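Shown next: start.cif, containing mmCIF, C-alpha atoms and all ligand atoms.
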```cif
data_query
#
loop_
_atom_site.label_atom_id
_atom_site.label_comp_id
_atom_site.auth_asym_id
_atom_site.auth_seq_id
_atom_site.Cartn_x
_atom_site.Cartn_y
_atom_site.Cartn_z
CA VAL A 245 -8.02 -0.40 -17.72
CA THR A 246 -5.92 0.99 -14.90
CA ARG A 247 -5.75 4.77 -14.95
CA LEU A 248 -2.47 6.04 -13.64
CA SER A 249 -1.87 9.62 -12.76
CA GLY A 250 0.84 11.67 -11.17
CA GLY A 251 0.68 14.69 -8.89
CA SER A 252 -1.01 14.80 -5.56
CA ALA A 253 -4.60 13.82 -6.25
CA PRO A 254 -6.24 12.10 -3.27
CA LEU A 255 -5.49 8.37 -3.22
CA LEU A 256 -7.15 6.94 -0.13
CA ALA A 257 -10.58 8.45 -0.65
CA GLY A 258 -12.81 5.81 -2.16
CA LEU A 259 -10.66 2.86 -1.11
CA LEU A 260 -12.51 2.39 2.19
CA PRO A 261 -16.17 2.15 3.27
CA PRO A 262 -17.91 5.51 3.91
CA ALA A 263 -17.58 5.08 7.71
CA ALA A 264 -13.82 5.67 7.38
CA VAL A 265 -12.35 9.18 7.38
CA VAL A 266 -8.99 9.61 5.67
CA ALA A 267 -6.29 12.28 5.56
CA GLU A 268 -3.12 12.30 3.51
CA ALA A 269 -0.08 14.44 2.81
CA PHE A 270 2.35 14.55 -0.10
CA GLN A 271 4.71 16.88 1.72
CA ASP A 272 5.89 17.00 5.29
CA ASP A 273 4.39 19.41 7.74
CA ASP A 274 7.32 20.95 9.61
CA GLY A 275 5.00 22.73 12.00
CA ALA A 276 3.09 19.61 13.09
CA ALA A 277 3.41 19.23 16.84
CA LEU A 278 3.75 15.97 18.74
CA PHE A 279 2.47 15.18 22.23
CA PRO A 280 5.26 14.38 24.74
CA ASP A 281 4.73 10.59 24.67
CA GLU A 282 4.79 10.61 20.88
CA ALA A 283 7.96 12.70 20.77
CA ALA A 284 9.59 10.37 23.30
CA ALA A 285 8.79 7.36 21.11
CA ILE A 286 10.93 8.68 18.25
CA GLU A 287 13.55 10.78 20.01
CA SER A 288 16.39 8.43 19.09
CA ALA A 289 15.12 7.75 15.54
CA VAL A 290 16.83 9.08 12.42
CA GLN A 291 15.58 12.36 10.93
CA THR A 292 13.64 10.78 8.02
CA ARG A 293 11.76 8.56 10.45
CA ARG A 294 10.98 11.46 12.78
CA VAL A 295 9.61 13.54 9.92
CA ALA A 296 7.46 10.68 8.60
CA PHE A 297 6.14 9.90 12.09
CA ARG A 298 5.28 13.54 12.70
CA THR A 299 3.35 13.98 9.46
CA GLY A 300 1.66 10.59 9.94
CA ARG A 301 0.43 11.73 13.37
CA ALA A 302 -0.72 15.05 11.86
CA CYS A 303 -2.72 13.13 9.21
CA ALA A 304 -4.21 10.90 11.90
CA ARG A 305 -5.33 13.90 13.95
CA ARG A 306 -6.83 15.56 10.86
CA ALA A 307 -8.75 12.38 10.13
CA LEU A 308 -9.93 12.19 13.76
CA VAL A 309 -11.28 15.73 13.50
CA GLY A 310 -13.40 14.44 10.62
CA LEU A 311 -14.94 11.99 13.09
CA GLY A 312 -15.49 14.78 15.61
CA VAL A 313 -12.60 13.70 17.86
CA ALA A 314 -10.45 16.50 19.29
CA PRO A 315 -6.65 16.23 18.88
CA VAL A 316 -5.32 13.59 21.28
CA PRO A 317 -2.00 11.75 21.66
CA ILE A 318 -1.71 8.61 19.55
CA ALA A 319 0.93 6.60 21.37
CA VAL A 320 3.00 3.84 19.85
CA GLY A 321 1.33 0.71 21.15
CA THR A 322 2.11 -3.00 21.22
CA GLY A 323 4.06 -4.22 18.22
CA GLY A 324 4.28 -0.66 16.86
CA ALA A 325 0.55 -0.34 16.26
CA PRO A 326 -0.91 3.12 16.94
CA ARG A 327 -2.93 3.35 20.17
CA TRP A 328 -6.17 5.03 19.13
CA PRO A 329 -8.59 6.74 21.50
CA ALA A 330 -11.32 4.52 22.97
CA GLY A 331 -13.98 3.65 20.41
CA ILE A 332 -11.75 4.44 17.42
CA VAL A 333 -9.94 2.15 14.98
CA GLY A 334 -7.41 3.30 12.43
CA SER A 335 -4.19 2.88 10.50
CA ILE A 336 -1.21 4.98 9.42
CA THR A 337 1.25 4.58 6.55
CA HIS A 338 4.18 6.50 5.12
CA CYS A 339 6.58 6.05 2.25
CA HIS A 340 8.71 8.41 0.17
CA GLY A 341 6.40 11.21 -1.03
CA TYR A 342 3.31 10.05 0.82
CA ARG A 343 1.81 9.91 4.33
CA GLY A 344 -1.72 8.76 5.07
CA ALA A 345 -4.09 7.89 7.89
CA ALA A 346 -7.56 6.37 8.08
CA VAL A 347 -9.86 6.21 11.11
CA ALA A 348 -13.39 5.06 11.90
CA ARG A 349 -15.69 4.50 14.86
CA ALA A 350 -15.25 1.00 16.27
CA ARG A 351 -19.02 0.54 16.15
CA ASP A 352 -18.83 0.90 12.35
CA LEU A 353 -15.63 -0.97 11.49
CA ALA A 354 -13.69 -3.60 13.46
CA SER A 355 -10.31 -2.52 12.14
CA LEU A 356 -8.48 -0.75 9.33
CA GLY A 357 -5.17 -1.33 7.57
CA ILE A 358 -3.58 0.97 4.99
CA ASP A 359 -0.22 0.84 3.25
CA ALA A 360 1.65 2.97 0.71
CA GLU A 361 4.65 1.95 -1.36
CA PRO A 362 6.56 3.38 -4.33
CA ASN A 363 5.24 2.03 -7.64
CA GLN A 364 8.59 0.35 -8.26
CA PRO A 365 9.58 -3.30 -8.52
CA LEU A 366 10.44 -5.04 -5.26
CA PRO A 367 14.16 -5.46 -4.65
CA HIS A 368 15.67 -8.60 -6.14
CA ARG A 369 14.69 -11.84 -4.39
CA VAL A 370 12.04 -10.30 -2.13
CA LEU A 371 9.04 -11.64 -4.09
CA PRO A 372 9.70 -15.33 -3.30
CA ARG A 373 9.85 -14.44 0.40
CA ILE A 374 6.47 -12.69 0.47
CA ALA A 375 4.47 -14.54 -2.21
CA LEU A 376 3.05 -18.02 -2.56
CA ALA A 377 3.53 -19.83 -5.89
CA SER A 378 -0.03 -19.00 -6.99
CA GLU A 379 0.55 -15.33 -6.21
CA ARG A 380 3.80 -15.28 -8.19
CA ALA A 381 1.94 -16.69 -11.18
CA MET A 382 -0.76 -14.03 -10.76
CA VAL A 383 1.87 -11.27 -10.57
CA ARG A 384 3.47 -12.51 -13.82
CA GLU A 385 0.12 -12.59 -15.62
CA LEU A 386 -0.97 -9.15 -14.40
CA ALA A 387 2.43 -7.64 -15.26
CA ALA A 388 2.03 -8.86 -18.83
CA SER A 389 -1.40 -7.22 -19.17
CA GLU A 390 -0.72 -3.97 -17.22
CA PRO A 391 3.02 -3.25 -16.99
CA ARG A 392 2.54 0.25 -15.52
CA VAL A 393 1.62 -1.25 -12.16
CA CYS A 394 4.41 -3.02 -10.24
CA TRP A 395 2.23 -5.96 -9.21
CA ASP A 396 4.94 -7.50 -7.04
CA ARG A 397 5.09 -4.30 -5.00
CA LEU A 398 1.30 -4.09 -4.95
CA LEU A 399 1.15 -7.61 -3.53
CA PHE A 400 3.64 -6.64 -0.82
CA SER A 401 1.70 -3.48 0.04
CA ALA A 402 -1.62 -5.32 0.17
CA LYS A 403 -0.14 -7.92 2.53
CA GLU A 404 1.15 -5.16 4.80
CA ALA A 405 -2.32 -3.55 4.83
CA VAL A 406 -3.88 -6.94 5.66
CA TYR A 407 -1.31 -7.45 8.43
CA LYS A 408 -2.12 -4.04 9.93
CA ALA A 409 -5.88 -4.68 9.76
CA TYR A 410 -5.63 -8.06 11.52
CA TYR A 411 -3.11 -7.04 14.17
CA PRO A 412 -5.57 -5.07 16.34
CA LEU A 413 -7.95 -8.05 16.21
CA GLY A 414 -5.28 -10.15 17.92
CA ILE A 415 -4.44 -12.09 14.76
CA ARG A 416 -0.75 -12.06 13.82
CA LEU A 417 -0.28 -12.95 10.18
CA THR A 418 2.78 -13.97 8.24
CA PHE A 419 3.17 -13.63 4.49
CA SER A 420 2.34 -17.28 3.84
CA LEU A 421 -0.90 -17.18 5.88
CA ALA A 422 -2.58 -14.69 3.55
CA THR A 423 -3.30 -15.52 -0.09
CA LEU A 424 -4.30 -12.51 -2.15
CA SER A 425 -5.91 -12.26 -5.53
CA PHE A 426 -6.26 -9.02 -7.43
CA ASP A 427 -9.10 -7.75 -9.57
CA ALA A 428 -7.31 -5.41 -11.97
CA ASN A 429 -10.48 -3.75 -13.26
CA ALA A 430 -12.33 -3.25 -9.98
CA HIS A 431 -9.15 -2.19 -8.16
CA ALA A 432 -10.05 -4.65 -5.42
CA PHE A 433 -8.47 -7.77 -3.96
CA GLU A 434 -9.68 -10.91 -2.27
CA VAL A 435 -7.97 -12.11 0.88
CA GLN A 436 -7.91 -15.71 2.00
CA ILE A 437 -6.46 -16.28 5.45
CA ASP A 438 -5.11 -19.70 6.28
CA SER A 439 -4.89 -19.34 10.05
CA PRO A 440 -6.65 -21.29 12.82
CA ALA A 441 -7.48 -17.98 14.52
CA THR A 442 -9.60 -16.85 11.58
CA LEU A 443 -11.33 -20.21 11.15
CA ALA A 444 -13.13 -19.31 14.36
CA SER A 445 -14.26 -16.00 12.88
CA PRO A 446 -16.62 -16.65 9.96
CA ALA A 447 -18.39 -13.35 10.58
CA LEU A 448 -15.40 -11.21 9.61
CA THR A 449 -15.82 -9.59 6.19
CA LEU A 450 -13.18 -7.57 4.40
CA SER A 451 -13.28 -4.70 1.99
CA ALA A 452 -9.88 -4.60 0.26
CA ARG A 453 -8.99 -2.12 -2.45
CA TRP A 454 -5.94 -0.62 -4.16
CA THR A 455 -4.93 2.25 -6.38
CA ALA A 456 -1.78 3.24 -8.24
CA THR A 457 -0.26 6.36 -9.74
CA ASP A 458 2.94 6.68 -11.74
CA HIS A 459 4.82 6.92 -8.45
CA LEU A 460 2.76 5.35 -5.71
CA ILE A 461 0.73 2.32 -4.75
CA VAL A 462 -1.83 2.58 -1.95
CA THR A 463 -3.79 -0.33 -0.48
CA ALA A 464 -6.57 -0.28 2.10
CA VAL A 465 -8.38 -2.98 4.05
CA ALA A 466 -11.44 -2.57 6.29
CA CYS A 467 -12.66 -5.40 8.53
CA GLN A 468 -16.28 -5.57 9.50
CA LEU A 469 -17.78 -7.88 12.09
CA GLY A 470 -20.97 -9.75 11.33
CA ASP A 471 -22.39 -11.36 14.44
CA GLY A 472 -19.22 -10.79 16.38
CA HIS A 473 -17.11 -13.96 16.38
CA VAL A 474 -13.89 -11.97 16.53
CA ARG A 475 -13.34 -9.40 19.23
CA ALA A 476 -10.41 -7.12 19.77
CA PRO A 477 -8.50 -8.44 22.81
C1 LIG A 501 4.55 -3.05 10.87
C2 LIG A 501 4.64 -3.02 9.35
C3 LIG A 501 3.34 -3.56 8.80
C4 LIG A 501 4.85 -1.57 8.89
O1 LIG A 501 4.71 -1.44 7.51
P1 LIG A 501 5.75 -0.64 6.61
O2 LIG A 501 5.33 -0.84 5.19
O3 LIG A 501 7.13 -1.04 7.00
O4 LIG A 501 5.62 0.87 7.00
P2 LIG A 501 4.39 1.88 6.87
O5 LIG A 501 4.94 3.23 6.87
O6 LIG A 501 3.45 1.52 5.80
O7 LIG A 501 3.63 1.65 8.23
C5 LIG A 501 4.16 2.08 9.44
C6 LIG A 501 3.01 2.31 10.36
O8 LIG A 501 2.29 1.11 10.55
C7 LIG A 501 1.71 1.16 11.84
N1 LIG A 501 2.03 -0.09 12.51
C8 LIG A 501 3.24 -0.50 12.98
N2 LIG A 501 3.11 -1.71 13.53
C9 LIG A 501 1.82 -2.07 13.40
C10 LIG A 501 1.10 -3.23 13.78
N3 LIG A 501 1.65 -4.24 14.42
N4 LIG A 501 -0.23 -3.26 13.51
C11 LIG A 501 -0.84 -2.25 12.87
N5 LIG A 501 -0.19 -1.12 12.48
C12 LIG A 501 1.12 -1.05 12.74
C13 LIG A 501 2.29 2.36 12.58
O9 LIG A 501 1.33 3.38 12.59
C14 LIG A 501 3.47 2.74 11.71
O10 LIG A 501 3.72 4.11 11.64
P3 LIG A 501 4.19 4.95 12.92
O11 LIG A 501 5.25 4.13 13.59
O12 LIG A 501 4.66 6.24 12.36
O13 LIG A 501 2.94 5.07 13.78
C15 LIG A 501 5.82 -3.88 8.83
O14 LIG A 501 7.03 -3.31 9.21
C16 LIG A 501 5.77 -5.30 9.34
O15 LIG A 501 6.30 -5.65 10.36
N6 LIG A 501 5.10 -6.15 8.60
C17 LIG A 501 4.88 -7.50 9.01
C18 LIG A 501 5.40 -8.41 8.02
C19 LIG A 501 4.40 -9.46 7.65
O16 LIG A 501 4.44 -10.55 8.16
N7 LIG A 501 3.50 -9.13 6.73
C20 LIG A 501 2.65 -10.02 6.03
C21 LIG A 501 1.41 -10.37 6.62
S1 LIG A 501 0.17 -10.92 5.50
#
```

Is it possible to express this structure as structure tokens?
Ligand SMILES: CC(C)(COP(=O)(O)OP(=O)(O)OC[C@H]1O[C@@H](n2cnc3c(N)ncnc32)[C@H](O)[C@@H]1OP(=O)(O)O)[C@@H](O)C(=O)NCCC(=O)NCCS
Amino acid sequence: VTRLSGGSAPLLAGLLPPAAVVAEAFQDDDGAALFPDEAAAIESAVQTRRVAFRTGRACARRALVGLGVAPVPIAVGTGGAPRWPAGIVGSITHCHGYRGAAVARARDLASLGIDAEPNQPLPHRVLPRIALASERAMVRELAASEPRVCWDRLLFSAKEAVYKAYYPLGIRLTFSLATLSFDANAHAFEVQIDSPATLASPALTLSARWTATDHLIVTAVACQLGDGHVRAP
């Protein structure tokens, strides 16, 4: 049975392997400072974006401290992905009422992807654009058994987390290249990637988990390399 809760209890903790350090915020930190390159990256952005970016960076730096890494700039890299210090992998997410970051040593995890969304149905007509027929059937079935979770939104969030985890490995996914299947009791999901790039990477294993409260959905994916068939470019 899915246990939903409100408030600001930690959400990311427990969704990732122990090598990952997480930090999250349910309110914005007005005092959080940005490094000059970071500030430059968002100077023309709207206020809501600037605030989310700032708190996301503050979460990332708090998480890095947990790994013993002193505060450093985290520039906006290729394709919007955060540029982590050497030897570090990580991911950042923000949505209304939530900001989170997760980091790990690259020797422990190959990559991370996290995503947060409101626990609300996707806007009309979005589901067919992001879900395969089998996934739509799964969403319908799960919605009938646990209506408190917006499974369409959870599917979207999980695909975003998968996208973010694969991007630093040099693998660009689209919605139709990833087929997800949820385990409602274990709060986990399986990911099947239908891309030539991943066929050459049998050693990549994923830990993929989710959680939901009355208001939020959070998903987290960690990639681990076996004998190293996939390397970050
Ligand atoms: C980039 C993307 C994943 C961001 O997700 P989102 O739900 O819109 O927003 P979130 O707040 O959760 O995440 C934003 C953060 O993701 C990170 N991010 C952005 N681009 C990224 C990328 N290419 N790779 C990894 N992380 C990325 C950044 O840290 C960003 O925050 P920041 O700009 O403050 O640093 C999304 O906009 C996107 O382009 N998705 C690809 C669509 C797709 O094909 N998905 C399905 C694949 S299975």

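In this model, the gap between atom O3 of ligand LIG 501 (chain A) and atom CA of A:Thr463 comes to 13.3 Å.
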
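Among A:Tyr342, A:Phe297, A:Trp328, A:Tyr410, the residue with the shortest atom-to-atom distance to ligand LIG 501 (chain A), counting all atoms listed in the file, is A:Phe297.
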
Practice task
For each of A:Gln271, A:Ile358, A:Ala377, A:Leu421, take the minimum atom-to-atom distance to A:Ala452, counting only C-alpha atoms, then give the residue where this is smallest.
Solution key: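 For A:Ala452, the nearest of the given residues is A:Ile358.
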
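Each of A:Ala430, A:Leu399, A:Ala296, A:Leu386 was compared to A:Val462 using all atoms listed in the file, and A:Leu399 turns out to be the nearest.
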
Exercise for the section: Rank A:Val266, A:Cys303, A:Val313, A:Ile461 by their smallest atom-to-atom distance to A:Gly331, using all atoms listed in the file, and report the top residue only. Expected result: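 The answer is A:Val313, which sits nearest to A:Gly331.
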
Problem - Given 6 Å and all atoms listed in the file, residues near ligand LIG 501 (chain A) as a list in words - result: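 Taking all atoms listed in the file into account, the residues around ligand LIG 501 (chain A) at most 6 Å away are Phe297, Gly300, Gly323, Gly324, Ala325, Pro326, Ser335, Ile336, Thr337, His338, Cys339, Asp359, Ala360, Lys403, Glu404, Val406, Tyr407, Lys408, Tyr411, Leu417, Thr418, Phe419 and Ala422 of chain A.
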
Handout entry: Atom pair atom CA of A:Ala464 / atom CA of A:Ala284: separation (Å)
Key =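 Atom-to-atom, atom CA of A:Ala464 to atom CA of A:Ala284, that is 28.7 Å.
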
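Atom to atom, atom CA of A:Ala375 and atom CA of A:Leu398 stand 11.3 Å apart.
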
Practice task
Find, counting only C-alpha atoms, the residue in A:Ala307, A:Val435, A:Ala350, A:Ala269 that gets nearest to A:Leu450.
Solution key: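 Smallest distance to A:Leu450 is found for A:Val435.
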
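Minimum distance to A:Asp273 across A:Thr299, A:Ser401, A:Glu434, A:Pro362 (counting only C-alpha atoms) occurs at A:Thr299.
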
As JSON: centre and edge lengths in Å, one decimal, of the axis-aligned box holding stretch 381-396 of chain A with 6 Å per side:
```
{"center_x": 1.8, "center_y": -8.2, "center_z": -13.1, "size_x": 18.3, "size_y": 28.9, "size_z": 24.1}
```

Problem - Nearby residues (only C-alpha atoms) at most 12 Å from A:Gly312, same-chain spacing under 5 positions excluded, as a PyMOL selection string - result: chain A and resi 265+305-307+332+347-349

Exercise for the section: May I have the protein, DNA and RNA residues with any atom at most 12 Å from the point (-5.1, 12.0, -5.2), counting all atoms listed in the file, written as a list of chain:residue names? Expected result: A:Leu248, A:Ser249, A:Gly250, A:Gly251, A:Ser252, A:Ala253, A:Pro254, A:Leu255, A:Leu256, A:Ala257, A:Gly258, A:Leu259, A:Val266, A:Ala267, A:Glu268, A:Ala269, A:Phe270, A:Tyr342, A:Arg343, A:Gly344, A:Thr455, A:Ala456, A:Thr457, A:Asp458, A:His459, A:Leu460, A:Ile461, A:Val462

Exercise for the section: Write out as an NGL selection string which residues come within 10 Å of stretch 367-369 of chain A when counting all atoms listed in the file, dropping same-chain ones fewer than 5 positions away. Expected result: :A and (374 or 396-397)

Handout entry: Within 12 Å of A:Arg294 using only C-alpha atoms, minus same-chain residues under 3 positions, as an MDAnalysis selection string
Key = chainID A and resid 272:274 276:278 282:291 297:301 338
